[in-house]
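Trainee: The structure's right below; bear with me while I get my questions together.
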Amino acid sequence: MTAPTAAPDTLLAGRYRLLRARALASESGAGDLWRARDEVLARAVAVRVLPIDDPRSADMLAAAGRAGRLTDSRLARVLDASEDGAFAFVVGEWVDGESLATTLQALGPFDPGRATSIVLDVARVVAAAHAQGLAHLRLHPGNVLVTRGGETKVTDLEVAAALIEQPEPSDFRRADAHGLGLLLYAALTARWPDGAAFGLPAAPRTDGRVASPRQVRAGIPRELEAIVDRCVSATPRRGSDPLRTPSAVAAALAALPQARPTDDDALLAPVHEPGPARQVLRVALPVAAIIAIVVAGWLSGLALGRVPGPGRGFSTTATATPSPGTAATAAIVVKSAKDFDPFGDRQENPDQAPYAVDGDSSTSWQTGLYRRRADFGGLKPGVGLIVDLGRPRSVGGATALLTKAGASIELRAASNTVISAPDQLDDYRVIASARNAGDKPPQGQPAGTVTLNATGGPVTSRFWLVWFTSVPREGSGYRDGIAELTFHG
């Protein structure tokens with residue numbers, strides 16, 4: 001008999017609705033991890049699911065019950081654990097952030113002070129767990145998260161070990177201290193000392209031993225390198241005593257310089273903006289300029305915490321104002337929109353996707369904030385937004401109001417024979433494209449507006465993709481988005 005498989009829109013315990021499987025730099029066999037919505041409290045949660053007949057399901061639920069006893073701000077808390085029909089599941093706090101593995105892949109190693117502070121946070125959480133008779137036993141860069149604000153969150157306390165079949169260590173304190181040493185090595189070098197794993201390359205070896213952090217990367221303090229050695233080696237190189245407990249590791253790290261979080265810690269953390277009812281608008285224009293703009297008939301605002309874009313004074317109507325010499329065309333009703341990130345973790349601010357087609361230009365779907373390069377940090381070829389028109393429609397083009405001008409974008413269409421949106425980029429053919437999109441908007445349209453007309457005439461399709469291949473600079477990174485998107489025949 002085939003084991004049941006969790007699917008999007010599955011409702012567990014009449015409360016937790018599965019939305020999207022979350023791909024993390026973790027271990028195989030650790031159960032399916034989902035982003036879900038708690039329908040009772042209207043909040044995002046993380047749900048790990050196993051078939052009820054999986055022999056590990058009872059151990060997972062028991063482990064979650066134990067982990068739920070520990071309360072610490074640096075721990076992703078267990079909120080619920082139960083069974084529902086074909087599944088056993090554990091509900092945890094949803095953390096807006098990326099795994100340490102993903103951050104290291106994207107940015108490279110942390111500076112020594114920041115690496116110290118991250119692993120110190122982890123050591124203190126695990127030491128608190130040990131004080132209550134709990135253990136982690138699977139510390140690695142996939143279950144340590146760096147939040148959007150640069151805070152450290154530890155996930156899968158007790159639960160990860162219950163899901164991975166392995167011998168029980170004779171000394172769980174020593175095992176977690178060893179795991180902390182591996183984490184510190186990874187944070188300092190962006191390499192994994194036990195061979196390639198969690199998206200990180202293997203650490204080099206010299207004379208039959210794993211190279212020390214200072215052999216991999218210059219500038220690491222000897223005191224910090226010594227802590228790594230005292231954690232991972234039974235006979236430390238410099239004759240120091242091994243660090244056998246997380247509390248001892250924490251004490252050693254606390255004596256060294258630490259660094260506060262930087263903007264780079266938020267490299268790939270999705271930026272979830274508040275909904276329209278909670279947005280706070282602020283206007284920073286001289287009074288004379290405001291009067292002139294009001295007389296002109298529009299007001300540009302800056303939503304708190306968002307990239308500069310159109311304010312509430314803009315009115316994106318169903319039919320765009322035509323350019324001189326062209327005829328107005330009827331707008332096509334859009335059924336829904338969803339994010340499309342086939343080359344990343346398969347989510348790009350999914351909660352914001354409906355804002356791109358809600359008829360309100362003060363709300364928007366935006367990409368994440370990427371560092372270093374306009375092509376999404378060189379991490380992937382693009383991200384986009386899939387639009388469902390409800391049925392195949394003849395489309396002559398689309399008009400997008402971008403949150404920032406300067407992106408390179410494509411309008412793509414799926415085959416008119418498919419009945420669901422394809423999940424591969426190659427299944428959408430390019431219909432139109434634009435570079436520096438929105439730099440020269442059509443006459444009468446606000447800055448950031450770009451019209452993408454099908455070069456070969458109208459195309460019939462139900463599913464359409466607006467695909468970004470590069471995004472403009474915003475502050476210290478790169479990001480763009482769509483405030484409003486309309487299609488015309």
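Scheme for the structure tokens: letters A, B, ... for chains in order shown; per-chain residue numbers from 1; ligand numbers from 1 in order shown.
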Would you write out, as a tab-separated table, a table of all residues in region 104-126 of chain A that have an atom no more than 10 Å from an atom of region 142-165 of chain A, listing for each the closest atom pair and the distance in Å to one decimal, considering only C-alpha atoms and ordering rows by chain and rising residue number?
Mentor:
```
residue	atom	partner	partner_atom	distance
A:Arg114	CA	A:Gly150	CA	9.9
A:Ser117	CA	A:Thr152	CA	8.9
A:Ile118	CA	A:Thr152	CA	6.2
A:Val119	CA	A:Thr152	CA	8.6
A:Leu120	CA	A:Thr152	CA	9.6
A:Asp121	CA	A:Thr152	CA	6.6
A:Val122	CA	A:Val154	CA	6.6
A:Ala123	CA	A:Val154	CA	9.9
A:Val125	CA	A:Val154	CA	7.7
A:Val126	CA	A:Leu157	CA	8.4
```
Trainee: Got a sec: who's within 6 Å of Val450 (chain A), counting only C-alpha atoms, leaving out chain neighbours fewer than 6 positions off, as a list in words?
Mentor: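 Answer for this query is Thr399, Ala400, Ala437, Gly438 and Pro441 of chain A.
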Trainee: Rank nothing, just name the residue among A:Asp72, A:Asp426, A:Asp111, A:Asp59 nearest to Thr189 (chain A), using only C-alpha atoms.
Mentor: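 Ranked by minimum distance to Thr189 (chain A), first place goes to A:Asp111.
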Trainee: Using Å and a single decimal, report how far CA of Arg372 (chain A) sits from CA of Leu465 (chain A).
Mentor: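 Interatomic distance here is 25.8 Å.
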Trainee: Which residue out of A:Arg260, A:Arg435, A:Arg473, A:Arg173 has the minimum interatomic distance to Arg244 (chain A) when only C-alpha atoms are used?
Mentor: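 Ranked by minimum distance to Arg244 (chain A), first place goes to A:Arg173.
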Trainee: Using only C-alpha atoms, find the one residue out of A:Gly382, A:Ala483, A:Trp467, A:Arg346 that sits nearest to Thr403 (chain A).
Mentor: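 Nearest candidate to Thr403 (chain A) out of A:Gly382, A:Ala483, A:Trp467, A:Arg346: A:Ala483.
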Trainee: Extract the full set of strand (DSSP E or B) residues from region 53-170 of chain A according to DSSP on the backbone, and format it as a list in words.
Mentor: Leu75, Val78, Leu79, Asp80, Ala81, Ser82, Glu83, Asp84, Phe87, Ala88, Phe89, Val90, Val91, Gly92, Glu93, Gly97, Glu98, Ser99, Val144, Leu145, Val146, Thr147, Thr152, Lys153 and Val154 of chain A
Trainee: Run DSSP on the backbone and give me the residues of region 37-258 of chain A it puts in alpha helix (DSSP H), as a PyMOL selection string.
Mentor: chain A and resi 57-67+100-107+112-131+159-163+172-189+213-216+222-232+246-254
Trainee: Between A:Glu39, A:Asp439, A:Asp375, A:Glu83, which has the minimum distance to Tyr478 (chain A) (counting only C-alpha atoms)?
Mentor: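 Closest to Tyr478 (chain A) of all the choices is A:Asp375.
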Trainee: Find the spatial neighbours of Leu389 (chain A), counting only C-alpha atoms, within a cut-off of 9 Å - ignore same-chain residues fewer than 2 positions away - and output them as a list in words.
Mentor: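 These residues fall inside the cut-off: Ile332, Val333, Val334, Lys335, Ser336, Ala337, Val387, Arg391, Pro392, Arg393, Ser461, Arg462, Phe463 and Trp464 of chain A.
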